[in-house]
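Here is the file upload_1.txt (compact mmCIF, C-alpha atoms and all ligand atoms).
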```txt
# COMPACT_ATOMS: atom_id res chain seq x y z
CA MET A 1 -6.11 29.17 -2.94
CA PRO A 2 -6.61 26.98 0.20
CA ASP A 3 -4.56 27.96 3.27
CA ASP A 4 -2.50 24.76 3.44
CA ILE A 5 -1.40 25.13 -0.20
CA GLN A 6 -0.51 28.77 0.46
CA LYS A 7 1.57 27.78 3.52
CA ALA A 8 3.27 25.00 1.57
CA ARG A 9 4.08 27.46 -1.24
CA GLU A 10 5.73 29.74 1.32
CA LEU A 11 7.94 26.88 2.53
CA VAL A 12 8.88 26.16 -1.09
CA GLY A 13 9.51 29.85 -1.78
CA ASN A 14 11.88 30.11 1.21
CA ALA A 15 13.88 26.99 0.29
CA GLY A 16 17.01 26.91 -1.85
CA ARG A 17 17.87 23.18 -1.69
CA ILE A 18 14.76 21.11 -2.14
CA LEU A 19 14.67 17.33 -1.91
CA VAL A 20 11.77 15.77 -3.81
CA PHE A 21 11.08 12.13 -2.93
CA THR A 22 8.65 10.33 -5.26
CA GLY A 23 6.69 7.09 -5.43
CA ALA A 24 4.27 5.34 -7.74
CA GLY A 25 1.52 7.95 -7.22
CA VAL A 26 3.51 10.46 -9.24
CA SER A 27 3.11 8.21 -12.30
CA THR A 28 -0.52 7.02 -12.05
CA GLY A 29 -1.42 10.14 -14.05
CA SER A 30 0.75 8.64 -16.82
CA GLY A 31 -1.20 5.36 -16.81
CA ILE A 32 1.18 3.31 -14.65
CA PRO A 33 -0.71 1.70 -11.74
CA ASP A 34 0.59 2.10 -8.17
CA PHE A 35 1.07 -0.71 -5.61
CA ARG A 36 -0.93 0.14 -2.49
CA GLY A 37 -3.52 2.66 -3.69
CA PRO A 38 -7.17 1.49 -3.90
CA ASP A 39 -6.51 -0.45 -7.17
CA GLY A 40 -2.80 -1.00 -6.56
CA ALA A 41 -0.89 -4.01 -7.89
CA TRP A 42 -0.39 -5.51 -4.40
CA THR A 43 -4.15 -5.45 -3.80
CA HIS A 44 -4.53 -8.25 -6.38
CA ARG A 45 -1.03 -9.75 -6.77
CA GLU A 46 1.63 -11.10 -4.41
CA PRO A 47 5.12 -9.68 -4.86
CA VAL A 48 7.74 -12.30 -5.83
CA LEU A 49 10.70 -12.36 -3.42
CA TYR A 50 14.25 -12.09 -4.74
CA GLN A 51 15.36 -15.33 -3.04
CA ASP A 52 12.46 -17.22 -4.68
CA PHE A 53 13.22 -15.66 -8.07
CA VAL A 54 16.83 -16.83 -7.86
CA ASN A 55 16.00 -20.34 -6.63
CA SER A 56 12.84 -21.33 -8.48
CA THR A 57 11.80 -21.54 -12.12
CA ARG A 58 8.14 -21.15 -11.14
CA ALA A 59 8.92 -17.85 -9.35
CA LYS A 60 10.97 -16.66 -12.34
CA VAL A 61 8.02 -17.33 -14.66
CA GLU A 62 5.60 -15.62 -12.26
CA TYR A 63 7.76 -12.50 -12.05
CA TRP A 64 8.37 -12.31 -15.80
CA ARG A 65 4.60 -12.77 -16.35
CA TYR A 66 3.98 -9.74 -14.09
CA LYS A 67 6.58 -7.72 -16.00
CA ALA A 68 5.20 -8.79 -19.38
CA ASP A 69 1.64 -7.88 -18.32
CA THR A 70 2.65 -4.40 -17.16
CA PHE A 71 5.19 -3.64 -19.90
CA PRO A 72 2.72 -2.21 -22.48
CA ALA A 73 1.57 0.50 -19.99
CA PHE A 74 5.21 1.16 -19.14
CA LEU A 75 6.15 1.59 -22.83
CA ALA A 76 3.16 3.83 -23.56
CA ALA A 77 3.71 6.15 -20.58
CA ALA A 78 4.76 9.76 -21.00
CA PRO A 79 5.63 12.27 -18.25
CA ASN A 80 2.71 14.12 -16.69
CA ALA A 81 2.24 17.54 -15.09
CA ALA A 82 3.78 16.35 -11.79
CA HIS A 83 7.01 15.16 -13.44
CA ARG A 84 7.12 18.38 -15.47
CA ALA A 85 6.63 20.59 -12.39
CA ILE A 86 9.61 18.89 -10.73
CA ALA A 87 11.74 19.33 -13.87
CA ALA A 88 10.72 23.02 -13.98
CA LEU A 89 11.83 23.45 -10.35
CA GLU A 90 15.29 22.26 -11.36
CA LYS A 91 15.48 25.09 -13.93
CA THR A 92 15.08 27.62 -11.09
CA GLY A 93 18.26 26.19 -9.49
CA ARG A 94 16.52 25.21 -6.22
CA LEU A 95 16.19 21.45 -6.73
CA LEU A 96 18.82 19.52 -4.77
CA LYS A 97 17.81 15.97 -5.79
CA VAL A 98 14.88 13.88 -6.94
CA VAL A 99 15.04 10.60 -5.07
CA THR A 100 12.58 8.20 -6.66
CA GLN A 101 11.35 4.72 -5.90
CA ASN A 102 9.98 4.53 -9.44
CA ILE A 103 11.60 2.49 -12.19
CA ASP A 104 9.63 4.06 -15.05
CA ASN A 105 12.21 6.58 -16.34
CA LEU A 106 9.55 9.34 -16.40
CA HIS A 107 11.52 11.89 -14.34
CA ARG A 108 14.36 11.60 -16.84
CA ALA A 109 11.92 11.82 -19.75
CA ALA A 110 10.46 15.02 -18.25
CA GLY A 111 13.92 16.60 -18.21
CA THR A 112 15.25 15.91 -14.70
CA GLY A 113 19.04 15.85 -15.10
CA PRO A 114 20.95 12.60 -14.46
CA ASP A 115 23.07 14.41 -11.84
CA ARG A 116 19.90 15.36 -9.93
CA LEU A 117 18.22 11.95 -10.06
CA VAL A 118 18.63 9.00 -7.67
CA GLU A 119 16.68 5.90 -8.78
CA LEU A 120 16.63 3.89 -5.55
CA HIS A 121 14.84 0.86 -6.98
CA GLY A 122 16.69 0.59 -10.29
CA SER A 123 15.44 0.88 -13.86
CA GLY A 124 12.64 -0.94 -15.64
CA LEU A 125 14.31 -0.31 -18.99
CA TYR A 126 16.87 -3.08 -18.52
CA ALA A 127 17.33 -6.65 -17.42
CA GLU A 128 20.60 -7.84 -15.89
CA CYS A 129 22.29 -11.23 -16.07
CA LEU A 130 22.61 -12.92 -12.67
CA GLU A 131 25.85 -14.61 -13.86
CA CYS A 132 27.90 -12.18 -15.99
CA LEU A 133 26.08 -8.98 -14.83
CA ASN A 134 25.62 -7.89 -18.47
CA TRP A 135 22.61 -5.65 -19.13
CA VAL A 136 20.16 -6.14 -22.03
CA SER A 137 17.11 -4.08 -22.94
CA MET A 138 13.91 -5.04 -21.15
CA GLU A 139 12.17 -4.97 -24.53
CA THR A 140 14.39 -7.83 -25.77
CA ALA A 141 13.88 -9.83 -22.56
CA ILE A 142 10.08 -9.40 -22.61
CA LYS A 143 9.95 -10.33 -26.31
CA SER A 144 11.80 -13.56 -25.51
CA PHE A 145 9.44 -14.34 -22.60
CA ASN A 146 6.36 -13.60 -24.70
CA THR A 147 7.64 -15.93 -27.45
CA ASP A 148 8.08 -19.11 -25.39
CA GLY A 149 6.88 -18.35 -21.84
CA ALA A 150 10.30 -19.36 -20.47
CA PRO A 151 12.39 -17.10 -18.21
CA PRO A 152 14.75 -15.19 -20.53
CA GLN A 153 18.46 -15.98 -20.52
CA CYS A 154 21.60 -14.02 -21.32
CA ALA A 155 23.87 -14.97 -24.25
CA CYS A 156 26.23 -16.44 -21.58
CA GLY A 157 23.46 -18.83 -20.45
CA GLY A 158 22.80 -17.03 -17.13
CA TRP A 159 19.29 -16.06 -16.03
CA LEU A 160 18.13 -12.52 -16.71
CA LYS A 161 16.42 -10.52 -13.97
CA PRO A 162 14.75 -7.12 -14.39
CA ALA A 163 17.28 -4.49 -13.24
CA VAL A 164 15.02 -3.41 -10.41
CA VAL A 165 15.25 -4.01 -6.67
CA MET A 166 12.94 -6.86 -5.67
CA PHE A 167 11.57 -7.49 -2.18
CA GLY A 168 14.28 -9.25 -0.19
CA GLU A 169 17.07 -7.96 -2.44
CA PRO A 170 19.70 -5.62 -0.94
CA MET A 171 19.65 -2.09 -2.31
CA GLU A 172 22.61 -0.53 -4.07
CA LYS A 173 24.63 1.22 -1.35
CA GLU A 174 25.80 4.12 -3.53
CA SER A 175 22.25 5.24 -4.38
CA LEU A 176 21.15 5.01 -0.76
CA MET A 177 24.16 7.05 0.33
CA LYS A 178 23.39 9.76 -2.23
CA ALA A 179 19.77 9.84 -1.07
CA PHE A 180 20.59 10.16 2.64
CA LYS A 181 23.27 12.77 1.88
CA ALA A 182 20.60 14.81 0.08
CA ALA A 183 18.32 14.43 3.11
CA GLU A 184 21.08 15.83 5.31
CA SER A 185 21.87 18.79 3.12
CA CYS A 186 18.42 19.85 1.89
CA ASP A 187 16.46 22.68 3.48
CA LEU A 188 13.02 21.25 2.58
CA ALA A 189 11.80 17.71 1.88
CA ILE A 190 8.72 17.02 -0.23
CA ALA A 191 7.37 13.46 -0.57
CA VAL A 192 4.98 12.90 -3.47
CA GLY A 193 2.75 9.97 -4.39
CA SER A 194 4.10 7.40 -1.96
CA SER A 195 2.53 5.43 0.86
CA LEU A 196 5.94 5.93 2.56
CA SER A 197 5.72 2.39 3.83
CA VAL A 198 8.68 0.63 2.18
CA GLU A 199 12.06 0.76 3.89
CA PRO A 200 14.76 1.84 3.66
CA ALA A 201 13.52 4.22 0.94
CA ALA A 202 10.81 5.85 3.06
CA SER A 203 13.38 6.80 5.70
CA VAL A 204 15.02 9.22 3.26
CA PRO A 205 12.58 12.17 3.61
CA LEU A 206 12.04 11.29 7.27
CA ALA A 207 15.80 11.69 7.87
CA ALA A 208 15.48 15.31 6.72
CA LYS A 209 12.57 15.90 9.10
CA ALA A 210 14.52 14.26 11.96
CA ILE A 211 17.18 16.97 11.73
CA GLY A 212 14.68 19.79 11.70
CA LYS A 213 13.96 20.34 7.98
CA PRO A 214 10.36 21.13 7.04
CA TYR A 215 8.52 18.20 5.49
CA ILE A 216 5.61 18.45 3.03
CA ILE A 217 3.66 15.39 1.85
CA VAL A 218 1.57 15.40 -1.32
CA ASN A 219 -0.46 12.20 -1.57
CA GLN A 220 -3.92 10.92 -2.34
CA GLY A 221 -4.87 9.08 0.84
CA PRO A 222 -2.98 8.28 4.02
CA THR A 223 0.77 7.69 4.34
CA ALA A 224 2.92 6.27 7.11
CA HIS A 225 4.40 9.75 7.73
CA ASP A 226 1.23 11.84 8.00
CA LYS A 227 1.91 12.65 11.66
CA ALA A 228 5.50 13.72 10.93
CA ALA A 229 4.62 16.11 8.11
CA ASP A 230 4.49 19.86 8.63
CA ILE A 231 1.92 20.06 5.85
CA LYS A 232 -0.01 17.22 4.19
CA LEU A 233 -1.74 18.01 0.89
CA ASP A 234 -4.22 15.25 0.09
CA GLY A 235 -5.00 15.04 -3.63
CA ASP A 236 -3.76 14.43 -7.15
CA ALA A 237 -0.05 15.12 -7.62
CA CYS A 238 -0.72 16.24 -11.22
CA GLU A 239 -2.92 19.06 -9.91
CA LEU A 240 -1.11 19.88 -6.69
CA LEU A 241 2.56 19.90 -7.74
CA PRO A 242 2.20 22.61 -10.41
CA LEU A 243 0.39 24.74 -7.77
CA LEU A 244 2.99 24.00 -5.12
CA LEU A 245 6.15 24.39 -7.17
CA GLY A 246 5.01 26.85 -9.87
N1 LIG B 301 -1.58 11.72 -6.81
C1 LIG B 301 -1.18 11.57 -5.52
N2 LIG B 301 -1.10 10.38 -4.92
C2 LIG B 301 -1.46 9.30 -5.62
C3 LIG B 301 -1.91 9.38 -6.96
C4 LIG B 301 -1.96 10.67 -7.56
N3 LIG B 301 -2.35 10.85 -8.84
N4 LIG B 301 -2.18 8.13 -7.41
C5 LIG B 301 -1.94 7.30 -6.38
N5 LIG B 301 -1.50 8.00 -5.30
C6 LIG B 301 -1.09 7.49 -3.98
C7 LIG B 301 -1.75 6.21 -3.55
O1 LIG B 301 -3.00 6.46 -2.94
C8 LIG B 301 -0.72 5.65 -2.56
O2 LIG B 301 -0.92 6.16 -1.26
O3 LIG B 301 0.29 7.17 -4.09
C9 LIG B 301 0.62 6.20 -3.11
C10 LIG B 301 1.46 5.14 -3.77
O4 LIG B 301 1.91 4.27 -2.77
P1 LIG B 301 2.45 2.81 -3.13
O5 LIG B 301 1.49 2.17 -4.07
O6 LIG B 301 2.75 2.12 -1.84
O7 LIG B 301 3.77 3.12 -3.95
P2 LIG B 301 5.22 3.46 -3.40
O8 LIG B 301 5.16 4.19 -2.11
O9 LIG B 301 5.96 4.07 -4.53
O10 LIG B 301 5.78 2.00 -3.14
C11 LIG B 301 7.10 1.85 -2.70
O11 LIG B 301 7.01 -0.52 -2.90
O12 LIG B 301 6.09 -2.17 -4.21
C12 LIG B 301 7.26 -1.54 -3.85
O13 LIG B 301 9.28 -1.30 -5.02
C13 LIG B 301 7.91 -0.91 -5.05
O14 LIG B 301 8.91 1.28 -5.30
C14 LIG B 301 7.79 0.57 -4.79
C15 LIG B 301 7.74 0.63 -3.27
```
Spell out the structure here as structure tokens.
Ligand code: APR
Amino acid sequence: MPDDIQKARELVGNAGRILVFTGAGVSTGSGIPDFRGPDGAWTHREPVLYQDFVNSTRAKVEYWRYKADTFPAFLAAAPNAAHRAIAALEKTGRLLKVVTQNIDNLHRAAGTGPDRLVELHGSGLYAECLECLNWVSMETAIKSFNTDGAPPQCACGGWLKPAVVMFGEPMEKESLMKAFKAAESCDLAIAVGSSLSVEPAASVPLAAKAIGKPYIIVNQGPTAHDKAADIKLDGDACELLPLLLG
């Protein structure tokens, strides 16, 4: 086994309260594309801003088109070896929290407990009404969009919006607080499959490092925190996480 993996395994072995922070790269092995990897979504699309979504029909259609295009991969996805390795860590009693930027529900599907999971960017399973705040299933909303190409509406007449945090939209304070609390009280932070470039989410594992906790990064390619990490493992999360956490 390579030296850096061995050293990272020692850090994991010595830790009792592990924070795992995940991004899109943990789910590419399940067929869900990432955003900033070599073929990532933002290499060929522009993200729609929240303010534009709220104010413009054209932006609503553009965003729902993106969601409708990516929904089949989302529905077909099943947890992979990386999600399962994290769920297995929980069974040993040493997982403090999984803080994820992903909206794909795959940590939950792999068995990560709801009390252990913080979904910073919301859930892709639902759409929420901008007027009455009611939630409906994303499947229903996408079906409506695919039928007439119009932005879906709630029974109350309000516009539906995917229940995920868009660029320019404030994040839910409670989730952020849980995430930063976990960063304070963990004894090891591991970031997996994220470019660590989107704030405030990326500051969560960095907050642990800032108060002296060891920090391991598992990612294919560079991240914004490579210099801060104690150990950087460059490669596929599906291969590396079972080795690291098993
Ligand atoms: N194993 C390890 N790393 C991988 C794998 C893999 N199998 N596949 C891709 N990666 C890496 C990519 O090379 C990239 O560096 O994962 C990283 C994913 O980074 P991003 O695409 O930037 O995704 P993420 O960090 O989750 O993005 C944060 O930005 O677009 C918004 O709200 C969206 O939650 C998202 C946020």
Please list as a VMD selection string every residue within 8 Å of Leu188 of chain A, counting only C-alpha atoms and excluding residues in the same chain fewer than 2 positions away. chain A and resid 11 to 12 15 17 to 19 186 190 208 213 to 216
Using all atoms listed in the file, find each residue with an atom at most 9 Å away from ligand LIG 301 (chain B) and format the answer as a PDB file with C-alpha atoms, in the frame of the given file.
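Result file follows (part36.pdb):
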```pdb
ATOM      1  CA  THR A  22       8.650  10.330  -5.260  1.00  0.00           C
ATOM      2  CA  GLY A  23       6.690   7.090  -5.430  1.00  0.00           C
ATOM      3  CA  ALA A  24       4.270   5.340  -7.740  1.00  0.00           C
ATOM      4  CA  GLY A  25       1.520   7.950  -7.220  1.00  0.00           C
ATOM      5  CA  VAL A  26       3.510  10.460  -9.240  1.00  0.00           C
ATOM      6  CA  SER A  27       3.110   8.210 -12.300  1.00  0.00           C
ATOM      7  CA  THR A  28      -0.520   7.020 -12.050  1.00  0.00           C
ATOM      8  CA  GLY A  29      -1.420  10.140 -14.050  1.00  0.00           C
ATOM      9  CA  SER A  30       0.750   8.640 -16.820  1.00  0.00           C
ATOM     10  CA  PRO A  33      -0.710   1.700 -11.740  1.00  0.00           C
ATOM     11  CA  ASP A  34       0.590   2.100  -8.170  1.00  0.00           C
ATOM     12  CA  PHE A  35       1.070  -0.710  -5.610  1.00  0.00           C
ATOM     13  CA  ARG A  36      -0.930   0.140  -2.490  1.00  0.00           C
ATOM     14  CA  GLY A  37      -3.520   2.660  -3.690  1.00  0.00           C
ATOM     15  CA  PRO A  38      -7.170   1.490  -3.900  1.00  0.00           C
ATOM     16  CA  ASP A  39      -6.510  -0.450  -7.170  1.00  0.00           C
ATOM     17  CA  GLY A  40      -2.800  -1.000  -6.560  1.00  0.00           C
ATOM     18  CA  ALA A  41      -0.890  -4.010  -7.890  1.00  0.00           C
ATOM     19  CA  TRP A  42      -0.390  -5.510  -4.400  1.00  0.00           C
ATOM     20  CA  PRO A  47       5.120  -9.680  -4.860  1.00  0.00           C
ATOM     21  CA  ALA A  82       3.780  16.350 -11.790  1.00  0.00           C
ATOM     22  CA  THR A 100      12.580   8.200  -6.660  1.00  0.00           C
ATOM     23  CA  GLN A 101      11.350   4.720  -5.900  1.00  0.00           C
ATOM     24  CA  ASN A 102       9.980   4.530  -9.440  1.00  0.00           C
ATOM     25  CA  ILE A 103      11.600   2.490 -12.190  1.00  0.00           C
ATOM     26  CA  LEU A 120      16.630   3.890  -5.550  1.00  0.00           C
ATOM     27  CA  HIS A 121      14.840   0.860  -6.980  1.00  0.00           C
ATOM     28  CA  VAL A 164      15.020  -3.410 -10.410  1.00  0.00           C
ATOM     29  CA  VAL A 165      15.250  -4.010  -6.670  1.00  0.00           C
ATOM     30  CA  MET A 166      12.940  -6.860  -5.670  1.00  0.00           C
ATOM     31  CA  PHE A 167      11.570  -7.490  -2.180  1.00  0.00           C
ATOM     32  CA  VAL A 192       4.980  12.900  -3.470  1.00  0.00           C
ATOM     33  CA  GLY A 193       2.750   9.970  -4.390  1.00  0.00           C
ATOM     34  CA  SER A 194       4.100   7.400  -1.960  1.00  0.00           C
ATOM     35  CA  SER A 195       2.530   5.430   0.860  1.00  0.00           C
ATOM     36  CA  LEU A 196       5.940   5.930   2.560  1.00  0.00           C
ATOM     37  CA  SER A 197       5.720   2.390   3.830  1.00  0.00           C
ATOM     38  CA  VAL A 198       8.680   0.630   2.180  1.00  0.00           C
ATOM     39  CA  GLU A 199      12.060   0.760   3.890  1.00  0.00           C
ATOM     40  CA  ALA A 201      13.520   4.220   0.940  1.00  0.00           C
ATOM     41  CA  ALA A 202      10.810   5.850   3.060  1.00  0.00           C
ATOM     42  CA  VAL A 218       1.570  15.400  -1.320  1.00  0.00           C
ATOM     43  CA  ASN A 219      -0.460  12.200  -1.570  1.00  0.00           C
ATOM     44  CA  GLN A 220      -3.920  10.920  -2.340  1.00  0.00           C
ATOM     45  CA  GLY A 221      -4.870   9.080   0.840  1.00  0.00           C
ATOM     46  CA  PRO A 222      -2.980   8.280   4.020  1.00  0.00           C
ATOM     47  CA  THR A 223       0.770   7.690   4.340  1.00  0.00           C
ATOM     48  CA  ASP A 234      -4.220  15.250   0.090  1.00  0.00           C
ATOM     49  CA  GLY A 235      -5.000  15.040  -3.630  1.00  0.00           C
ATOM     50  CA  ASP A 236      -3.760  14.430  -7.150  1.00  0.00           C
ATOM     51  CA  ALA A 237      -0.050  15.120  -7.620  1.00  0.00           C
ATOM     52  CA  CYS A 238      -0.720  16.240 -11.220  1.00  0.00           C
ATOM     53  CA  GLU A 239      -2.920  19.060  -9.910  1.00  0.00           C
ATOM     54  CA  LEU A 240      -1.110  19.880  -6.690  1.00  0.00           C
TER      55      LEU A 240
END
```
Show me the residues around (16.5, -3.9, -22.7) - criterion: an atom at most 8 Å away, all atoms listed in the file counted - as an mmCIF file with C-alpha atoms, in the coordinates of the input.
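result-v4.cif was written with the following content:
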```cif
data_model
loop_
_atom_site.group_PDB
_atom_site.id
_atom_site.type_symbol
_atom_site.label_atom_id
_atom_site.label_comp_id
_atom_site.auth_asym_id
_atom_site.auth_seq_id
_atom_site.Cartn_x
_atom_site.Cartn_y
_atom_site.Cartn_z
ATOM 1 C CA LEU A 125 14.310 -0.310 -18.990
ATOM 2 C CA TYR A 126 16.870 -3.080 -18.520
ATOM 3 C CA ALA A 127 17.330 -6.650 -17.420
ATOM 4 C CA TRP A 135 22.610 -5.650 -19.130
ATOM 5 C CA VAL A 136 20.160 -6.140 -22.030
ATOM 6 C CA SER A 137 17.110 -4.080 -22.940
ATOM 7 C CA MET A 138 13.910 -5.040 -21.150
ATOM 8 C CA GLU A 139 12.170 -4.970 -24.530
ATOM 9 C CA THR A 140 14.390 -7.830 -25.770
ATOM 10 C CA ALA A 141 13.880 -9.830 -22.560
#
```
So how far away is atom CA of Leu95 of chain A from atom CA of Ala179 of chain A, in Å?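 Those two atoms sit 13.4 Å apart.
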What gap, in Å, lies between atom CA of Arg9 of chain A and atom CA of Gly113 of chain A?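 According to the coordinates, atom CA of Arg9 of chain A and atom CA of Gly113 of chain A are separated by 23.5 Å.
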Given all atoms listed in the file as the counted atoms, nearest of A:Ala150, A:Leu160, A:Ile86, A:Ile217 to Leu117 of chain A: A:Ile86
How many Å separate atom CA of Ile5 of chain A from atom CA of Ile231 of chain A?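 Spanning atom CA of Ile5 of chain A to atom CA of Ile231 of chain A is a straight-line distance of 8.6 Å.
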A:Asp3, A:Glu184, A:Asp226, A:Asp148 ranked by distance to Leu96 of chain A, top pick (using all atoms listed in the file):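 Under the stated criterion, the closest residue is A:Glu184.
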Neighbours of Leu49 of chain A within 12 Å (only C-alpha atoms; same-chain residues fewer than 6 positions away dropped), as a VMD selection string? chain A and resid 55 to 56 58 to 60 62 to 63 165 to 170
If we draw a sphere of 6 Å around (9.8, 12.1, 4.6), which residues have at least one atom in it when counting all atoms listed in the file? Please report them as a VMD selection string. chain A and resid 191 205 to 206
Nearest to Asp115 of chain A among A:Ala189, A:Leu133, A:Val99, A:Ile32, with distances taken over only C-alpha atoms: which residue is it?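 Residue with the minimum atom-to-atom distance to Asp115 of chain A: A:Val99.
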